[in-house]
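File shown: work.pdb (PDB, C-alpha atoms).
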```
MODEL        1
ATOM      1  CA  VAL A 307     117.308 127.241  70.070
ATOM      2  CA  THR A 308     118.928 126.846  66.641
ATOM      3  CA  VAL A 309     121.855 128.990  65.477
ATOM      4  CA  ASP A 310     122.688 129.337  61.760
ATOM      5  CA  LEU A 311     126.482 129.058  61.797
ATOM      6  CA  GLY A 312     126.546 129.471  58.010
ATOM      7  CA  LYS A 313     125.543 133.103  58.370
ATOM      8  CA  LEU A 314     127.813 133.682  61.354
ATOM      9  CA  ILE A 315     131.059 132.004  60.396
ATOM     10  CA  GLY A 316     130.438 130.491  56.924
ATOM     11  CA  ALA A 317     130.013 126.884  58.135
ATOM     12  CA  GLU A 318     128.621 124.395  55.595
ATOM     13  CA  GLY A 319     126.874 121.019  55.479
ATOM     14  CA  GLU A 320     126.109 119.306  58.786
ATOM     15  CA  ASP A 321     128.015 121.982  60.658
ATOM     16  CA  ARG A 322     125.851 124.779  59.315
ATOM     17  CA  GLN A 323     123.293 124.612  62.139
ATOM     18  CA  PHE A 324     123.878 124.248  65.875
ATOM     19  CA  SER A 325     120.984 123.530  68.234
ATOM     20  CA  TYR A 326     120.753 123.623  72.013
ATOM     21  CA  SER A 327     118.060 123.805  74.657
ATOM     22  CA  PHE A 328     117.769 125.515  78.025
ATOM     23  CA  THR A 329     115.276 125.742  80.861
ATOM     24  CA  THR A 330     114.351 128.449  83.342
ATOM     25  CA  LEU A 331     113.302 127.928  86.932
ATOM     26  CA  PRO A 332     109.584 128.347  87.656
ATOM     27  CA  LEU A 333     108.507 131.573  89.321
ATOM     28  CA  LEU A 334     108.688 130.474  92.947
ATOM     29  CA  LEU A 335     108.345 132.890  95.872
ATOM     30  CA  ARG A 336     109.143 132.383  99.546
ATOM     31  CA  ALA A 337     108.630 134.990 102.274
ATOM     32  CA  ARG A 338     110.537 135.498 105.545
ATOM     33  CA  PHE A 339     109.778 137.758 108.510
ATOM     34  CA  ASP A 340     112.833 139.902 109.321
ATOM     35  CA  GLY A 341     111.723 142.066 112.200
ATOM     36  CA  LEU A 342     109.339 144.529 113.813
ATOM     37  CA  ASP A 343     110.394 148.130 114.424
ATOM     38  CA  ILE A 344     108.635 151.054 116.046
ATOM     39  CA  ASN A 345     107.515 153.650 113.518
ATOM     40  CA  ASN A 346     109.579 156.852 113.746
ATOM     41  CA  ASP A 347     106.619 159.191 113.401
ATOM     42  CA  ASN A 348     104.120 157.285 115.550
ATOM     43  CA  GLN A 349     105.566 155.455 118.548
ATOM     44  CA  ASP A 350     102.379 153.370 118.924
ATOM     45  CA  ASN A 351     102.609 151.934 115.398
ATOM     46  CA  PHE A 352     104.927 149.367 113.846
ATOM     47  CA  ASP A 353     107.078 148.924 110.742
ATOM     48  CA  VAL A 354     107.160 145.289 109.606
ATOM     49  CA  ARG A 355     110.235 144.085 107.684
ATOM     50  CA  LEU A 356     110.035 141.142 105.265
ATOM     51  CA  THR A 357     112.096 139.466 102.579
ATOM     52  CA  VAL A 358     110.636 137.749  99.530
ATOM     53  CA  ALA A 359     113.076 135.379  97.807
ATOM     54  CA  THR A 360     112.703 134.100  94.253
ATOM     55  CA  ALA A 361     114.248 130.971  92.751
ATOM     56  CA  ASP A 362     115.572 132.851  89.730
ATOM     57  CA  LYS A 363     116.164 136.455  88.721
ATOM     58  CA  GLU A 364     112.852 138.307  88.630
ATOM     59  CA  GLU A 365     111.954 141.895  87.868
ATOM     60  CA  GLY A 366     111.044 143.816  91.002
ATOM     61  CA  SER A 367     107.852 145.087  89.400
ATOM     62  CA  ILE A 368     106.696 141.505  88.792
ATOM     63  CA  VAL A 369     107.296 140.487  92.405
ATOM     64  CA  GLU A 370     105.491 143.578  93.662
ATOM     65  CA  SER A 371     102.494 142.808  91.467
ATOM     66  CA  LEU A 372     102.266 139.241  92.778
ATOM     67  CA  VAL A 373     102.661 139.752  96.526
ATOM     68  CA  LYS A 374      99.561 140.891  98.393
ATOM     69  CA  PHE A 375      99.055 141.950 102.016
ATOM     70  CA  SER A 376      95.878 141.649 104.051
ATOM     71  CA  GLU A 377      96.645 145.020 105.652
ATOM     72  CA  SER A 378      96.125 148.181 103.611
ATOM     73  CA  THR A 379      99.543 149.842 103.593
ATOM     74  CA  LYS A 380     101.993 151.579 101.264
ATOM     75  CA  ALA A 381     104.640 148.878 101.022
ATOM     76  CA  LYS A 382     108.208 150.123 100.494
ATOM     77  CA  TRP A 383     110.181 147.737  98.266
ATOM     78  CA  SER A 384     113.866 147.386  97.442
ATOM     79  CA  HIS A 385     115.414 144.755  95.166
ATOM     80  CA  SER A 386     118.859 143.161  95.028
ATOM     81  CA  GLU A 387     121.016 143.434  91.915
ATOM     82  CA  ASP A 388     120.756 139.690  91.239
ATOM     83  CA  GLY A 389     116.960 139.925  91.236
ATOM     84  CA  ARG A 390     116.494 137.129  93.765
ATOM     85  CA  THR A 391     116.074 139.027  97.026
ATOM     86  CA  HIS A 392     113.223 141.491  97.398
ATOM     87  CA  SER A 393     112.971 143.392 100.680
ATOM     88  CA  VAL A 394     109.825 145.162 101.789
ATOM     89  CA  VAL A 395     108.745 147.304 104.731
ATOM     90  CA  LEU A 396     105.101 147.621 105.721
ATOM     91  CA  PRO A 397     105.112 150.986 107.499
ATOM     92  CA  ASN A 398     102.937 152.467 110.205
ATOM     93  CA  ILE A 399     100.936 149.333 111.041
ATOM     94  CA  GLN A 400      98.449 150.019 113.804
ATOM     95  CA  ASN A 401      97.016 147.747 116.489
ATOM     96  CA  LYS A 402      95.276 149.614 119.265
ATOM     97  CA  GLY A 403      93.288 146.569 120.359
ATOM     98  CA  LYS A 404      94.189 144.489 123.396
ATOM     99  CA  ASN A 405      94.877 141.337 121.366
ATOM    100  CA  PRO A 406      97.418 140.661 118.596
ATOM    101  CA  LYS A 407      96.239 140.867 115.007
ATOM    102  CA  VAL A 408      97.530 138.960 111.994
ATOM    103  CA  ILE A 409      98.792 140.233 108.637
ATOM    104  CA  ASN A 410      98.713 137.630 105.877
ATOM    105  CA  VAL A 411     101.179 137.701 102.986
ATOM    106  CA  SER A 412     100.157 135.825  99.851
ATOM    107  CA  ILE A 413     100.392 135.494  96.098
ATOM    108  CA  GLY A 414      97.211 137.063  94.836
ATOM    109  CA  GLY A 415      95.317 136.765  91.584
ATOM    110  CA  ASN A 416      97.520 137.674  88.620
ATOM    111  CA  LYS A 417      97.866 137.572  84.823
ATOM    112  CA  LEU A 418     101.073 135.514  84.921
ATOM    113  CA  ASN A 419      99.293 132.264  85.806
ATOM    114  CA  VAL A 420     101.247 131.994  89.065
ATOM    115  CA  ALA A 421      99.172 129.935  91.491
ATOM    116  CA  LYS A 422      97.639 131.711  94.453
ATOM    117  CA  GLU A 423      99.478 130.780  97.658
ATOM    118  CA  ASP A 424      99.679 131.811 101.304
ATOM    119  CA  LEU A 425     103.290 132.778 101.970
ATOM    120  CA  LEU A 426     103.422 134.019 105.545
ATOM    121  CA  SER A 427     101.346 135.114 108.538
ATOM    122  CA  ILE A 428     102.725 137.779 110.867
ATOM    123  CA  GLU A 429     101.359 138.492 114.317
ATOM    124  CA  ILE A 430     101.270 142.187 115.168
ATOM    125  CA  PRO A 431     101.318 142.893 118.922
ATOM    126  CA  SER A 432      99.018 145.292 120.669
ATOM    127  CA  SER A 433     100.482 148.730 121.306
ATOM    128  CA  ASP A 434      98.740 148.666 124.672
ATOM    129  CA  GLY A 435     101.145 148.349 127.620
ATOM    130  CA  PHE A 436     104.786 147.276 127.487
ATOM    131  CA  LYS A 437     105.609 143.657 126.724
ATOM    132  CA  VAL A 438     107.930 141.218 124.974
ATOM    133  CA  TYR A 439     106.977 140.505 121.372
ATOM    134  CA  SER A 440     109.424 137.725 120.516
ATOM    135  CA  ALA A 441     112.727 136.082 121.453
ATOM    136  CA  GLU A 442     114.828 134.201 118.926
ATOM    137  CA  TYR A 443     118.315 132.750 118.596
ATOM    138  CA  ARG A 444     119.917 133.913 115.361
ATOM    139  CA  THR A 445     123.040 132.421 113.830
ATOM    140  CA  THR A 446     123.687 134.579 110.765
ATOM    141  CA  PRO A 447     125.552 136.777 110.196
ATOM    142  CA  GLU A 448     126.409 136.593 113.914
ATOM    143  CA  ARG A 449     125.245 134.429 116.804
ATOM    144  CA  TYR A 450     122.982 136.206 119.262
ATOM    145  CA  VAL A 451     119.664 136.075 121.062
ATOM    146  CA  GLU A 452     117.335 138.792 119.837
ATOM    147  CA  VAL A 453     114.471 139.992 122.028
ATOM    148  CA  ILE A 454     111.931 142.339 120.449
ATOM    149  CA  PHE A 455     109.535 144.493 122.494
ATOM    150  CA  ASN A 456     106.372 146.331 121.488
ATOM    151  CA  LYS A 457     107.883 149.684 122.517
ATOM    152  CA  ASN A 458     111.236 151.386 122.073
ATOM    153  CA  LEU A 459     113.553 150.782 125.005
ATOM    154  CA  ASP A 460     115.365 153.276 127.197
ATOM    155  CA  GLU A 461     118.798 152.919 125.605
ATOM    156  CA  ALA A 462     120.420 154.727 128.549
ATOM    157  CA  GLN A 463     119.446 151.909 130.929
ATOM    158  CA  ASP A 464     122.281 149.532 131.867
ATOM    159  CA  MET A 465     121.022 146.068 130.897
ATOM    160  CA  ARG A 466     123.752 144.142 132.723
ATOM    161  CA  GLY A 467     121.984 141.834 135.159
ATOM    162  CA  LEU A 468     118.586 142.724 133.667
ATOM    163  CA  ALA A 469     118.771 140.697 130.450
ATOM    164  CA  MET A 470     120.607 137.369 130.616
ATOM    165  CA  ILE A 471     120.939 134.014 128.905
ATOM    166  CA  SER A 472     120.744 131.091 131.340
ATOM    167  CA  GLY A 473     124.096 129.368 131.738
ATOM    168  CA  ILE A 474     126.087 132.167 130.093
ATOM    169  CA  LYS A 475     128.175 134.060 132.627
ATOM    170  CA  SER A 476     129.340 136.879 130.373
ATOM    171  CA  GLU A 477     127.808 138.176 127.212
ATOM    172  CA  SER A 478     127.792 141.422 125.287
ATOM    173  CA  ILE A 479     124.437 143.206 125.267
ATOM    174  CA  THR A 480     123.284 145.855 122.813
ATOM    175  CA  VAL A 481     120.083 147.886 122.872
ATOM    176  CA  GLN A 482     118.701 149.561 119.775
ATOM    177  CA  GLY A 483     115.166 150.807 119.316
ATOM    178  CA  ASN A 484     112.819 148.086 120.548
ATOM    179  CA  THR A 485     115.434 145.320 120.415
ATOM    180  CA  ILE A 486     117.895 143.757 122.849
ATOM    181  CA  ARG A 487     120.632 141.528 121.455
ATOM    182  CA  MET A 488     122.625 139.243 123.731
ATOM    183  CA  TYR A 489     125.816 137.750 122.325
ATOM    184  CA  PRO A 490     126.998 134.501 123.958
ATOM    185  CA  GLY A 491     130.557 134.863 122.673
ATOM    186  CA  THR A 492     132.681 131.765 122.166
ATOM    187  CA  GLN A 493     130.434 129.603 124.357
ATOM    188  CA  GLY A 494     127.706 129.509 121.773
ATOM    189  CA  LEU A 495     124.198 128.186 122.260
ATOM    190  CA  GLU A 496     122.184 125.203 121.178
ATOM    191  CA  PRO A 497     118.932 126.269 119.466
ATOM    192  CA  GLY A 498     115.843 125.380 121.484
ATOM    193  CA  ASN A 499     117.639 124.634 124.763
ATOM    194  CA  ASN A 500     118.145 128.059 126.309
ATOM    195  CA  ASN A 501     116.300 130.133 128.869
ATOM    196  CA  ILE A 502     116.287 133.927 128.858
ATOM    197  CA  PHE A 503     115.847 136.083 131.946
ATOM    198  CA  LEU A 504     114.360 139.572 131.529
ATOM    199  CA  ASP A 505     113.995 141.609 134.687
ATOM    200  CA  LYS A 506     110.734 143.408 135.454
ATOM    201  CA  SER A 507     112.630 146.713 135.804
ATOM    202  CA  ILE A 508     113.520 146.879 132.093
ATOM    203  CA  ARG A 509     111.872 150.091 130.900
ATOM    204  CA  ASN A 510     110.856 151.747 127.660
ATOM    205  CA  ILE A 511     111.480 155.346 126.607
ATOM    206  CA  LYS A 512     108.262 156.421 128.333
ATOM    207  CA  GLY A 513     109.489 155.026 131.672
ATOM    208  CA  GLU A 514     107.083 152.059 131.671
ATOM    209  CA  THR A 515     108.522 148.782 132.993
ATOM    210  CA  LEU A 516     107.757 145.174 132.162
ATOM    211  CA  GLY A 517     106.190 144.821 135.608
ATOM    212  CA  GLU A 518     106.986 141.129 135.935
ATOM    213  CA  HIS A 519     109.851 138.773 135.171
ATOM    214  CA  ALA A 520     109.638 137.473 131.616
TER     215      ALA A 520
ENDMDL
END
```
Give the structure from this file in structure tokens form.
Amino acid sequence: VTVDLGKLIGAEGEDRQFSYSFTTLPLLLRARFDGLDINNDNQDNFDVRLTVATADKEEGSIVESLVKFSESTKAKWSHSEDGRTHSVVLPNIQNKGKNPKVINVSIGGNKLNVAKEDLLSIEIPSSDGFKVYSAEYRTTPERYVEVIFNKNLDEAQDMRGLAMISGIKSESITVQGNTIRMYPGTQGLEPGNNNIFLDKSIRNIKGETLGEHA
């Protein structure tokens, strides 16, 4: 970029022009799975939450045009003010089969010459029966073990003694929707070296129980 300082401030001779260069980051997208919720209107279907991060500020409309889903759904997008974090919900995803199904997230064909790329694969559990979908130790913004089920839980059920982290004598437990969170407190946990106990009597809002220790 060259700036004519003569026109701006009346500079002359060698000082009349000032040149500089700059670069922009390439359009790079990364996708992260954030969670699986039960759809409010259909308790047998799921809402899938994702985040797409970009290396630099990008218009939301550009990101939406690039990201494709293998499942036909009306994706609900929201975009951060800095243009680098793009959240999306895939609502009302159905899986009435007995086996999990996979939703693929990718960069599809586009006019921006951004290379096609597989970003993420998400396993959608069957809505048949009552079972654990996933268990994960999270460290931000708080430290807790998050257990997600394929049905909403009975939030009135006392989970003390029913959901526990091995080796942790006392932890706070919260239940919301289809998720149990167990907080280890000051003891903390080491990722990958913890066992979780889930009692077979844990029940969902329909009264169904796990049926076996998880």
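Relative to CA of Asn456 (chain A), CA of Gly491 (chain A) is found at 26.8 Å.
Omitting Thr357 (chain A) and its sequence neighbours fewer than 2 positions away, and counting only C-alpha atoms, the residues within 12 Å are Leu335, Arg336, Ala337, Arg338, Phe339, Asp340, Gly341, Val354, Arg355, Ala359, Thr360, Val369, Glu370, Val373, Lys382, Trp383, Ser384, His385, Ser386, Arg390, Thr391, His392, Ser393, Val394, Val395, Leu396, Val411, Leu425 and Leu426 of chain A.
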Taking the file above as input, evaluate the PyMOL selection byres ((chain A and resi 410) around 7) and report the hits as a ChimeraX atom specification. /A:375-376,408-409,411-412,426-428
Kindly export the residues of the current selection with C-alpha atoms, as a short mmCIF file (atom, residue, chain, number, x, y, z; two decimals), in the coordinates of the input.
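What landed in result00.cif:
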```cif
data_model
loop_
_atom_site.label_atom_id
_atom_site.label_comp_id
_atom_site.auth_asym_id
_atom_site.auth_seq_id
_atom_site.Cartn_x
_atom_site.Cartn_y
_atom_site.Cartn_z
CA PHE A 375 99.06 141.95 102.02
CA SER A 376 95.88 141.65 104.05
CA VAL A 408 97.53 138.96 111.99
CA ILE A 409 98.79 140.23 108.64
CA VAL A 411 101.18 137.70 102.99
CA SER A 412 100.16 135.82 99.85
CA LEU A 426 103.42 134.02 105.54
CA SER A 427 101.35 135.11 108.54
CA ILE A 428 102.72 137.78 110.87
#
```
Please determine, counting all atoms listed in the file, which residue among A:Leu504, A:Leu334, A:Ile471, A:Ala381 has the shortest atom-to-atom distance to Phe455 (chain A).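 Among the listed residues, A:Leu504 lies closest to Phe455 (chain A).
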Name the residues captured by the PyMOL selection byres ((chain A and resi 435-452) around 8) when it is applied to the shown file; answer as a ChimeraX atom specification. /A:431-434,453-457,485-491,494,497,510,514-516,520
Take the residues just selected and output them with C-alpha atoms as a PDB file, in the coordinates of the input.
```pdb
ATOM      1  CA  PRO A 431     101.318 142.893 118.922  1.00  0.00           C
ATOM      2  CA  SER A 432      99.018 145.292 120.669  1.00  0.00           C
ATOM      3  CA  SER A 433     100.482 148.730 121.306  1.00  0.00           C
ATOM      4  CA  ASP A 434      98.740 148.666 124.672  1.00  0.00           C
ATOM      5  CA  VAL A 453     114.471 139.992 122.028  1.00  0.00           C
ATOM      6  CA  ILE A 454     111.931 142.339 120.449  1.00  0.00           C
ATOM      7  CA  PHE A 455     109.535 144.493 122.494  1.00  0.00           C
ATOM      8  CA  ASN A 456     106.372 146.331 121.488  1.00  0.00           C
ATOM      9  CA  LYS A 457     107.883 149.684 122.517  1.00  0.00           C
ATOM     10  CA  THR A 485     115.434 145.320 120.415  1.00  0.00           C
ATOM     11  CA  ILE A 486     117.895 143.757 122.849  1.00  0.00           C
ATOM     12  CA  ARG A 487     120.632 141.528 121.455  1.00  0.00           C
ATOM     13  CA  MET A 488     122.625 139.243 123.731  1.00  0.00           C
ATOM     14  CA  TYR A 489     125.816 137.750 122.325  1.00  0.00           C
ATOM     15  CA  PRO A 490     126.998 134.501 123.958  1.00  0.00           C
ATOM     16  CA  GLY A 491     130.557 134.863 122.673  1.00  0.00           C
ATOM     17  CA  GLY A 494     127.706 129.509 121.773  1.00  0.00           C
ATOM     18  CA  PRO A 497     118.932 126.269 119.466  1.00  0.00           C
ATOM     19  CA  ASN A 510     110.856 151.747 127.660  1.00  0.00           C
ATOM     20  CA  GLU A 514     107.083 152.059 131.671  1.00  0.00           C
ATOM     21  CA  THR A 515     108.522 148.782 132.993  1.00  0.00           C
ATOM     22  CA  LEU A 516     107.757 145.174 132.162  1.00  0.00           C
ATOM     23  CA  ALA A 520     109.638 137.473 131.616  1.00  0.00           C
TER      24      ALA A 520
END
```
